[in-house]
>>> print(open('start_37.txt').read())   # compact mmCIF, C-alpha atoms (C1' of nucleotides)
# COMPACT_ATOMS: atom_id res chain seq x y z
CA MET A 1 -43.76 -7.27 3.43
CA THR A 2 -43.78 -4.93 6.36
CA ASP A 3 -40.77 -4.01 8.35
CA SER A 4 -42.17 -1.59 10.85
CA LYS A 5 -40.08 -2.59 13.82
CA PRO A 6 -36.49 -1.47 14.04
CA SER A 7 -34.50 -4.29 12.55
CA LEU A 8 -32.59 -6.36 15.05
CA GLY A 9 -29.66 -8.04 13.42
CA ARG A 10 -30.76 -7.32 9.86
CA GLY A 11 -29.77 -4.49 7.56
CA TRP A 12 -28.00 -1.34 8.59
CA SER A 13 -28.24 0.75 11.69
CA ASP A 14 -29.48 4.33 11.37
CA TRP A 15 -26.99 6.98 10.31
CA GLN A 16 -25.28 8.52 13.30
CA ARG A 17 -23.11 11.57 13.70
CA LEU A 18 -19.45 11.23 14.42
CA THR A 19 -18.10 14.04 16.53
CA GLY A 20 -14.59 15.35 16.50
CA TRP A 21 -13.39 14.98 12.94
CA ILE A 22 -15.07 17.00 10.17
CA PRO A 23 -13.20 16.47 6.91
CA SER A 24 -14.05 17.86 3.49
CA ALA A 25 -15.04 15.39 0.79
CA THR A 26 -11.54 15.63 -0.63
CA VAL A 27 -9.84 14.96 2.68
CA LEU A 28 -12.21 12.11 3.50
CA ALA A 29 -11.42 10.49 0.15
CA GLU A 30 -7.71 11.06 0.58
CA THR A 31 -7.76 9.59 4.08
CA LEU A 32 -9.76 6.47 3.25
CA ASP A 33 -8.54 5.83 -0.28
CA GLY A 34 -5.22 7.62 -0.52
CA GLY A 35 -2.89 4.71 0.13
CA GLN A 36 -3.11 4.30 3.90
CA ALA A 37 -5.87 1.71 3.76
CA PHE A 38 -6.91 -0.60 0.96
CA ARG A 39 -10.35 -1.78 2.05
CA TRP A 40 -12.54 1.30 1.41
CA ASN A 41 -14.72 1.78 -1.65
CA ARG A 42 -16.85 4.67 -2.78
CA SER A 43 -20.36 4.28 -4.12
CA VAL A 44 -22.77 6.96 -5.24
CA VAL A 45 -26.22 6.80 -3.69
CA GLY A 46 -29.30 8.85 -4.59
CA GLY A 47 -29.82 11.17 -7.51
CA VAL A 48 -31.85 10.23 -10.58
CA PRO A 49 -31.78 6.44 -10.93
CA SER A 50 -33.36 6.25 -14.39
CA LEU A 51 -35.15 8.35 -17.01
CA SER A 52 -38.59 7.01 -16.17
CA ALA A 53 -38.28 7.01 -12.43
CA LYS A 54 -39.13 10.66 -11.96
CA ALA A 55 -40.71 9.92 -8.63
CA LEU A 56 -37.49 8.44 -7.38
CA ALA A 57 -35.47 11.53 -8.18
CA THR A 58 -35.24 12.38 -4.55
CA ALA A 59 -32.10 13.25 -2.67
CA GLU A 60 -28.94 14.74 -4.08
CA PRO A 61 -26.47 12.08 -5.10
CA ARG A 62 -23.71 11.67 -2.61
CA ASP A 63 -20.73 9.53 -1.89
CA VAL A 64 -21.00 6.71 0.56
CA TRP A 65 -17.79 5.00 1.63
CA THR A 66 -17.85 1.37 2.69
CA GLY A 67 -14.85 0.03 4.52
CA GLN A 68 -13.68 -2.95 6.50
CA TRP A 69 -11.07 -3.59 9.13
CA SER A 70 -10.66 -6.30 11.72
CA ASP A 71 -14.14 -7.69 12.37
CA CYS A 72 -15.80 -4.40 11.50
CA VAL A 73 -17.55 -2.96 8.45
CA ALA A 74 -18.85 0.60 8.31
CA GLN A 75 -20.25 3.13 5.92
CA LEU A 76 -19.31 6.80 6.04
CA ARG A 77 -20.90 9.83 4.41
CA LEU A 78 -20.74 13.59 4.66
CA ASP A 79 -23.98 15.33 5.58
CA GLY A 80 -23.50 19.05 5.34
CA THR A 81 -20.55 19.57 7.59
CA ALA A 82 -20.97 16.46 9.71
CA LEU A 83 -19.48 13.04 9.21
CA GLU A 84 -22.01 10.24 9.63
CA TRP A 85 -21.60 6.50 9.95
CA ARG A 86 -23.65 3.37 10.06
CA ALA A 87 -22.93 -0.33 10.31
CA PRO A 88 -24.74 -3.63 9.97
CA ALA A 89 -27.19 -3.64 12.87
CA ALA A 90 -25.82 -6.94 14.12
CA ILE A 91 -22.38 -5.42 14.76
CA SER A 92 -23.13 -1.72 15.14
CA LYS A 93 -22.27 -1.78 18.84
CA ARG A 94 -18.83 -3.13 18.10
CA VAL A 95 -18.29 -0.64 15.27
CA SER A 96 -19.39 2.33 17.37
CA THR A 97 -16.55 1.53 19.75
CA ALA A 98 -13.94 0.71 17.13
CA LEU A 99 -14.59 3.42 14.56
CA PRO A 100 -13.34 6.45 16.53
CA THR A 101 -10.11 4.64 17.29
CA TYR A 102 -9.74 3.60 13.65
CA LEU A 103 -10.14 7.22 12.60
CA GLY A 104 -7.23 8.27 14.75
CA GLY A 105 -8.74 8.45 18.23
CA ASP A 106 -9.47 11.87 19.63
CA THR A 107 -6.55 13.43 17.81
CA ASP A 108 -7.05 16.99 16.58
CA TRP A 109 -5.52 16.56 13.14
CA SER A 110 -5.63 20.23 12.23
CA ALA A 111 -3.81 21.14 15.43
CA LEU A 112 -1.25 18.43 14.77
CA ALA A 113 -0.65 19.73 11.24
CA ASP A 114 -0.31 23.20 12.72
CA SER A 115 2.55 21.92 14.87
CA LEU A 116 4.52 21.02 11.74
CA PRO A 117 7.16 23.54 10.55
CA TRP A 118 4.98 24.97 7.76
CA ARG A 119 5.81 28.53 8.76
CA SER A 120 9.32 28.08 7.46
CA ASP A 121 8.40 25.64 4.69
CA PRO A 122 6.19 27.06 1.90
CA HIS A 123 5.69 23.74 0.15
CA LEU A 124 4.60 22.00 3.34
CA ALA A 125 2.23 24.91 3.96
CA GLU A 126 0.75 24.37 0.49
CA CYS A 127 0.31 20.62 1.11
CA ILE A 128 -1.41 21.17 4.45
CA ARG A 129 -3.69 23.80 2.90
CA ALA A 130 -4.62 21.34 0.15
CA PHE A 131 -5.67 18.65 2.65
CA PRO A 132 -6.76 20.38 5.86
CA GLY A 133 -7.37 17.95 8.70
CA LEU A 134 -5.87 14.98 6.87
CA CYS A 135 -6.01 12.02 9.23
CA ILE A 136 -3.56 9.23 9.85
CA LEU A 137 -5.62 6.09 10.36
CA ARG A 138 -5.04 3.74 13.25
CA GLN A 139 -5.55 0.42 11.54
CA PRO A 140 -5.14 -3.09 12.96
CA PHE A 141 -1.43 -3.84 13.08
CA GLY A 142 -1.51 -7.27 11.48
CA GLU A 143 -3.75 -6.23 8.61
CA THR A 144 -1.60 -3.22 7.91
CA LEU A 145 1.40 -5.51 7.67
CA LEU A 146 -0.44 -7.73 5.20
CA GLY A 147 -1.55 -4.77 3.11
CA PHE A 148 1.91 -3.30 2.75
CA LEU A 149 3.48 -6.69 2.08
CA CYS A 150 1.24 -6.62 -0.99
CA SER A 151 2.27 -3.13 -1.96
CA ALA A 152 5.69 -3.61 -3.58
CA THR A 153 5.66 -2.00 -7.05
CA LYS A 154 1.87 -2.06 -7.21
CA GLN A 155 -0.62 0.74 -7.51
CA ILE A 156 -3.37 1.28 -4.99
CA VAL A 157 -6.13 -0.17 -7.21
CA GLN A 158 -4.22 -3.39 -7.58
CA ILE A 159 -3.37 -3.68 -3.89
CA LYS A 160 -7.08 -3.30 -3.20
CA GLN A 161 -7.86 -6.10 -5.63
CA MET A 162 -5.33 -8.41 -3.99
CA LEU A 163 -6.75 -7.84 -0.52
CA ALA A 164 -10.33 -8.16 -1.73
CA LEU A 165 -9.49 -11.53 -3.26
CA ILE A 166 -7.65 -12.72 -0.16
CA ALA A 167 -10.63 -11.78 2.00
CA GLU A 168 -13.15 -13.23 -0.41
CA ARG A 169 -11.38 -16.57 -0.77
CA HIS A 170 -9.78 -17.02 2.63
CA GLY A 171 -11.63 -14.77 5.07
CA THR A 172 -14.53 -15.56 7.35
CA PRO A 173 -17.86 -13.72 6.91
CA LEU A 174 -18.27 -10.55 8.97
CA VAL A 175 -22.00 -10.82 9.37
CA GLU A 176 -24.21 -13.86 9.71
CA LEU A 177 -25.15 -15.22 6.31
CA ALA A 178 -28.81 -14.81 7.22
CA ASP A 179 -28.28 -11.07 7.49
CA LEU A 180 -26.56 -10.65 4.15
CA SER A 181 -29.77 -10.63 2.11
CA ALA A 182 -30.59 -7.26 3.63
CA PHE A 183 -27.58 -5.68 1.96
CA SER A 184 -28.54 -5.82 -1.69
CA GLY A 185 -29.21 -2.44 -3.23
CA VAL A 186 -27.07 -0.39 -0.90
CA GLY A 187 -23.97 -0.41 -3.01
CA VAL A 188 -22.41 -3.34 -1.21
CA ASN A 189 -21.28 -6.57 -2.76
CA THR A 190 -22.06 -9.01 0.00
CA ALA A 191 -19.38 -11.37 -1.29
CA HIS A 192 -16.87 -8.83 -0.04
CA LEU A 193 -18.18 -8.63 3.51
CA ARG A 194 -15.48 -10.84 4.88
CA ARG A 195 -12.66 -10.13 7.25
CA LEU A 196 -9.07 -10.58 6.16
CA PRO A 197 -7.49 -13.82 7.37
CA THR A 198 -5.40 -13.44 10.50
CA TRP A 199 -1.71 -14.34 10.41
CA PRO A 200 -2.31 -17.78 11.94
CA GLU A 201 -4.93 -18.34 9.24
CA LEU A 202 -2.58 -17.08 6.54
CA ALA A 203 0.05 -19.56 7.72
CA ALA A 204 -2.29 -22.39 6.76
CA ILE A 205 -2.81 -21.20 3.18
CA PRO A 206 -0.57 -22.79 0.52
CA GLU A 207 1.68 -20.26 -1.20
CA ASN A 208 0.18 -21.07 -4.59
CA ASP A 209 -3.31 -20.23 -3.35
CA LEU A 210 -1.99 -16.87 -2.22
CA ARG A 211 -0.19 -16.43 -5.51
CA SER A 212 -3.46 -16.84 -7.36
CA CYS A 213 -4.88 -13.82 -5.52
CA LEU A 214 -2.90 -11.60 -7.94
CA LEU A 215 0.00 -11.52 -5.50
CA GLY A 216 2.82 -12.63 -7.78
CA PHE A 217 6.21 -12.77 -6.06
CA ARG A 218 4.69 -11.13 -2.98
CA ALA A 219 3.03 -14.45 -2.13
CA LYS A 220 6.37 -15.88 -1.08
CA PHE A 221 7.02 -13.01 1.33
CA ILE A 222 3.57 -13.37 2.85
CA ALA A 223 3.89 -17.13 3.22
CA GLU A 224 7.33 -16.81 4.81
CA THR A 225 6.21 -14.03 7.12
CA ALA A 226 3.22 -16.14 8.13
CA ARG A 227 5.51 -19.05 8.98
CA PHE A 228 7.85 -16.75 10.89
CA LEU A 229 4.97 -15.41 12.98
CA ALA A 230 3.43 -18.83 13.48
CA ALA A 231 6.66 -19.94 15.11
CA ARG A 232 6.59 -16.96 17.47
CA PRO A 233 3.22 -16.53 19.23
CA GLY A 234 2.79 -13.02 20.64
CA TRP A 235 5.71 -11.64 18.63
CA LEU A 236 3.58 -9.30 16.53
CA ASP A 237 1.60 -7.97 19.49
CA GLU A 238 4.80 -7.29 21.39
CA THR A 239 6.24 -5.53 18.37
CA GLU A 240 3.22 -3.26 18.17
CA ARG A 241 3.75 -2.11 21.73
CA LEU A 242 7.50 -1.45 21.44
CA PRO A 243 8.89 2.08 21.00
CA TYR A 244 9.40 3.09 17.37
CA PRO A 245 13.09 2.21 16.93
CA GLN A 246 12.76 -1.26 18.48
CA ALA A 247 9.46 -1.96 16.75
CA LYS A 248 10.98 -1.04 13.41
CA ALA A 249 14.07 -3.16 13.99
CA ARG A 250 11.84 -6.15 14.67
CA LEU A 251 9.63 -5.61 11.64
CA LEU A 252 12.76 -5.52 9.48
CA GLU A 253 13.40 -9.14 10.48
CA LEU A 254 10.35 -10.19 8.49
CA PRO A 255 10.83 -11.42 4.93
CA GLY A 256 9.55 -8.83 2.48
CA VAL A 257 9.66 -6.02 5.02
CA GLY A 258 12.20 -3.30 4.29
CA GLU A 259 12.53 0.29 5.47
CA LYS A 260 9.53 1.55 3.56
CA VAL A 261 7.06 -1.17 4.50
CA ALA A 262 8.14 -1.13 8.15
CA ASP A 263 7.52 2.61 8.35
CA CYS A 264 4.12 2.30 6.67
CA VAL A 265 3.04 -0.42 9.09
CA LEU A 266 4.14 1.65 12.08
CA LEU A 267 2.60 4.87 10.78
CA PHE A 268 -0.75 3.55 9.55
CA GLY A 269 -1.07 0.52 11.82
CA ALA A 270 0.40 1.70 15.11
CA GLY A 271 0.03 5.46 15.22
CA ARG A 272 3.79 6.04 15.27
CA LEU A 273 3.84 9.50 13.73
CA GLU A 274 7.63 9.65 13.83
CA ALA A 275 7.76 7.03 11.05
CA PHE A 276 8.64 8.59 7.71
CA PRO A 277 8.11 6.15 4.83
CA VAL A 278 10.11 7.02 1.74
CA ASP A 279 8.38 5.73 -1.37
CA THR A 280 8.61 6.82 -5.00
CA TRP A 281 6.19 9.70 -4.41
CA ILE A 282 8.15 11.09 -1.48
CA LEU A 283 11.29 10.56 -3.51
CA LYS A 284 9.79 12.73 -6.25
CA SER A 285 8.41 15.23 -3.79
CA LEU A 286 11.67 15.81 -1.97
CA ALA A 287 13.66 15.82 -5.20
CA ARG A 288 11.42 18.37 -6.89
CA ARG A 289 10.16 20.59 -4.08
CA TYR A 290 13.17 20.42 -1.80
CA SER A 291 15.91 20.17 -4.41
CA LEU A 292 17.09 16.84 -3.05
CA ALA A 293 17.55 15.02 -6.34
CA ASP A 294 20.05 12.15 -6.23
CA TRP A 295 19.63 11.69 -2.50
CA LYS A 296 19.22 8.08 -1.47
CA PRO A 297 16.11 6.88 0.37
CA ALA A 298 17.99 6.42 3.66
CA GLN A 299 19.30 9.98 3.48
CA LEU A 300 15.83 11.28 2.65
CA ALA A 301 14.35 9.47 5.62
CA GLN A 302 16.94 11.12 7.83
CA PHE A 303 16.19 14.49 6.26
CA GLY A 304 12.46 13.94 6.77
CA ARG A 305 12.73 13.21 10.47
CA ALA A 306 15.15 16.07 11.04
CA HIS A 307 13.26 18.63 8.98
CA PHE A 308 9.64 17.76 9.84
CA GLY A 309 10.17 16.72 13.45
CA PRO A 310 8.44 14.17 15.70
CA LYS A 311 5.23 14.17 13.61
CA ALA A 312 7.11 13.69 10.35
CA GLY A 313 4.70 10.93 9.35
CA LEU A 314 1.83 13.37 9.07
CA ALA A 315 3.96 15.69 6.96
CA GLN A 316 4.86 12.71 4.81
CA GLN A 317 1.21 11.94 4.16
CA CYS A 318 0.48 15.56 3.23
CA LEU A 319 3.41 15.66 0.80
CA PHE A 320 2.45 12.25 -0.57
CA SER A 321 -1.17 13.25 -1.19
CA TRP A 322 -0.18 16.54 -2.79
CA GLU A 323 2.39 14.98 -5.06
CA ARG A 324 0.04 12.25 -6.20
CA LYS A 325 -2.79 14.69 -6.89
CA PHE A 326 -1.05 17.79 -8.19
CA GLY A 327 2.55 16.87 -8.84
CA THR A 328 2.23 14.77 -11.98
CA ARG A 329 4.60 16.44 -14.33
C1' DA B 1 0.42 -3.69 -27.30
C1' DG B 2 3.94 -3.44 -24.02
C1' DG B 3 5.99 -0.94 -20.25
C1' DC B 4 5.41 0.04 -15.76
C1' DA B 5 4.18 -0.14 -10.93
C1' DG B 6 3.63 2.92 -2.55
C1' DG B 7 10.03 -2.47 -2.82
C1' DT B 8 12.99 -6.09 -1.21
C1' DG B 9 16.75 -9.31 -1.11
C1' DG B 10 20.73 -11.15 -3.01
C1' DC B 11 24.87 -10.72 -5.41
C1' DC B 12 28.87 -8.34 -6.88
C1' DA B 13 32.93 -4.83 -6.42
C1' DT C 1 28.33 0.58 1.80
C1' DG C 2 26.66 1.10 -2.90
C1' DG C 3 24.68 -0.12 -7.24
C1' DC C 4 22.32 -3.37 -10.12
C1' DC C 5 18.82 -6.79 -11.09
C1' DA C 6 15.30 -10.50 -10.73
C1' DC C 7 10.94 -11.18 -8.97
C1' DC C 8 4.93 -11.73 -10.94
C1' DT C 9 1.34 -9.90 -13.57
C1' DG C 10 -2.79 -6.94 -14.32
C1' DC C 11 -3.62 -2.15 -15.50
C1' DC C 12 -3.30 2.48 -17.98
>>> encode(input="start_37.txt", output="C-alpha cells")
Amino acid sequence: MTDSKPSLGRGWSDWQRLTGWIPSATVLAETLDGGQAFRWNRSVVGGVPSLSAKALATAEPRDVWTGQWSDCVAQLRLDGTALEWRAPAAISKRVSTALPTYLGGDTDWSALADSLPWRSDPHLAECIRAFPGLCILRQPFGETLLGFLCSATKQIVQIKQMLALIAERHGTPLVELADLSAFSGVGVNTAHLRRLPTWPELAAIPENDLRSCLLGFRAKFIAETARFLAARPGWLDETERLPYPQAKARLLELPGVGEKVADCVLLFGAGRLEAFPVDTWILKSLARRYSLADWKPAQLAQFGRAHFGPKAGLAQQCLFSWERKFGTR
DNA sequence: AGGCAGGTGGCCA
DNA sequence: TGGCCACCTGCC
C-alpha cells in the first residue's frame, strides 16, 4: 500500500515548530500534567522496540504528549530546544490557530515570573528557578469548570480517569471515524479521541450515568451545575468576560464551586492571574516555607494576593509545583 | 488491606 | 464567623 501523496484528512500533519515558548522537559511536563489540565498523556516513541528489531533501533526515545481541549487534539514534543506540534491532518488548521492561545497566548512567562517579588522572597526564587518559564494554560472555560468540579479530594490521576470516561462515554468524536484507523501505532488510543460534553450536553445526562464515571458524590454537583446553566443561556460566557471579583462571585453561585475551584477555573480557564487558589499543597507550602501554620485558607488567599501581587496565580503554580515535587516530607 | 485524597455544603454553637 | 462532618470510591 503506497501513500506517496501528502495525506488529506488522514493521519497526522507534519511536525511543526512552535515559536515563543521553549520549555525544558520538566517544565513542559509540569505545565501539561501538573494539575492545571487533565487531558494530556505522555507516551514514549522511538528507541529500541524489541530485542530482534535491531534495524528499527533508530531515533532516541523521546516523550510525546497528546492532549485534547475543546474540539482540538494535538501532540507536543521537544526537539533539541524547540517545541514542536502536530495534529490530525483533518483538523490541523483549527489546531494551529487554537494551540498558541491554549499555551498562554504570546505571554513571556519568564518575564512574568521575573516580575514576581522573588528578590525579597528566597523560597519563591527557588520555586521559579526549579520551573523556569512555567506556563499558565488558557483552557476553555466550561471544560475547566468541569475538570475542577471533579477535583474535590481526588488526585490528578483519578481526575484524569474521570474526564477520560466522561469523554469516552458521553463525548462526540473529534475526528471522522474514517480517519481514526490512521492513528494506531502512534501511542494514541483512538477511543479517547473524543471531546468532552458541553454543559448543555451534560445537562441531558442522568446523574447516575455521571456517577458511574468514577465521579462519586461529585456527580450531584455536576448534574446540578448543568441544570443551573441550562436554565441560564449565556450565563457562563458572560461570567468568563467579567472582571475577576465579579466573575468569582458568580462562579460561587454554582453548586460544588467554592473558593478553591472558582479560583482554579479563573486562573487556568480564563487567564485571570490574580486568582490565587488555596489547596492542600499551597496550605502546606505556606505553612512550611512561610511559617503560616494554623492560618485558615481565606487568610492565606489574602496573604497570597498581598504578598505575590497581581500575578499571584503564577506564583501559586510555582509554589504548588515545587511543593508537590520536592516538598514531600 | 484500609486509609486517604487539588473541597464543598450544611449544621451546630 | 468558626469548626466539624458526611459525601463516593479507586489508588498507593
>>> atom_distance(input="start_37.txt", atom1="atom CA of A:Phe148", atom2="atom CA of A:Val261")
5.8 Å
>>> interface_residues(input="start_37.txt", of="chain A", to="chain C", cutoff="12 Å", atoms="only C-alpha atoms (C1' of nucleotides)", output="list in words")
Cys150, Ala152, Thr153, Lys154, Gln155, Ile156, Val157, Gln158, Ile159, Gln161, Met162, Arg211, Ser212, Cys213, Leu214, Leu215, Gly216, Phe217, Arg218, Ala219, Lys220, Phe221, Gly256 and Lys296 of chain A
>>> atom_distance(input="start_37.txt", atom1="atom CA of A:Leu210", atom2="atom CA of A:Arg194")
16.4 Å
>>> atom_distance(input="start_37.txt", atom1="atom CA of A:Leu124", atom2="atom CA of A:Thr144")
26.4 Å
>>> residues_around(input="start_37.txt", residues="A:Pro173", least_positions_apart="2", cutoff="9 Å", atoms="only C-alpha atoms (C1' of nucleotides)", output="MDAnalysis selection string")
chainID A and resid 71 167:168 171 175:177 191:195
>>> residues_around(input="start_37.txt", residues="stretch 108-120 of chain A", least_positions_apart="5", cutoff="9 Å", atoms="all atoms listed in the file", output="list in words")
Gly20, Trp21, Ala125, Glu126, Ile128, Pro132, Gly133, Leu134, Cys135, Ile136, His307, Phe308, Gly309, Pro310, Lys311, Ala312, Leu314 and Ala315 of chain A
>>> write_last_selection(input="start_37.txt", atoms="C-alpha atoms", output="PDB file, in the frame of the given file")
ATOM      1  CA  GLY A  20     -14.590  15.350  16.500  1.00  0.00           C
ATOM      2  CA  TRP A  21     -13.390  14.980  12.940  1.00  0.00           C
ATOM      3  CA  ALA A 125       2.230  24.910   3.960  1.00  0.00           C
ATOM      4  CA  GLU A 126       0.750  24.370   0.490  1.00  0.00           C
ATOM      5  CA  ILE A 128      -1.410  21.170   4.450  1.00  0.00           C
ATOM      6  CA  PRO A 132      -6.760  20.380   5.860  1.00  0.00           C
ATOM      7  CA  GLY A 133      -7.370  17.950   8.700  1.00  0.00           C
ATOM      8  CA  LEU A 134      -5.870  14.980   6.870  1.00  0.00           C
ATOM      9  CA  CYS A 135      -6.010  12.020   9.230  1.00  0.00           C
ATOM     10  CA  ILE A 136      -3.560   9.230   9.850  1.00  0.00           C
ATOM     11  CA  HIS A 307      13.260  18.630   8.980  1.00  0.00           C
ATOM     12  CA  PHE A 308       9.640  17.760   9.840  1.00  0.00           C
ATOM     13  CA  GLY A 309      10.170  16.720  13.450  1.00  0.00           C
ATOM     14  CA  PRO A 310       8.440  14.170  15.700  1.00  0.00           C
ATOM     15  CA  LYS A 311       5.230  14.170  13.610  1.00  0.00           C
ATOM     16  CA  ALA A 312       7.110  13.690  10.350  1.00  0.00           C
ATOM     17  CA  LEU A 314       1.830  13.370   9.070  1.00  0.00           C
ATOM     18  CA  ALA A 315       3.960  15.690   6.960  1.00  0.00           C
TER      19      ALA A 315
END
>>> interface_residues(input="start_37.txt", of="chain B", to="chain A", cutoff="9 Å", atoms="only C-alpha atoms (C1' of nucleotides)", output="PyMOL selection string")
chain B and resi 4-9
>>> axis_aligned_box(input="start_37.txt", around="stretch 192-197 of chain A", padding_each_side="5 Å", output="AutoDock Vina command-line options")
--center_x -12.8 --center_y -11.2 --center_z 3.7 --size_x 20.7 --size_y 15.2 --size_z 17.4
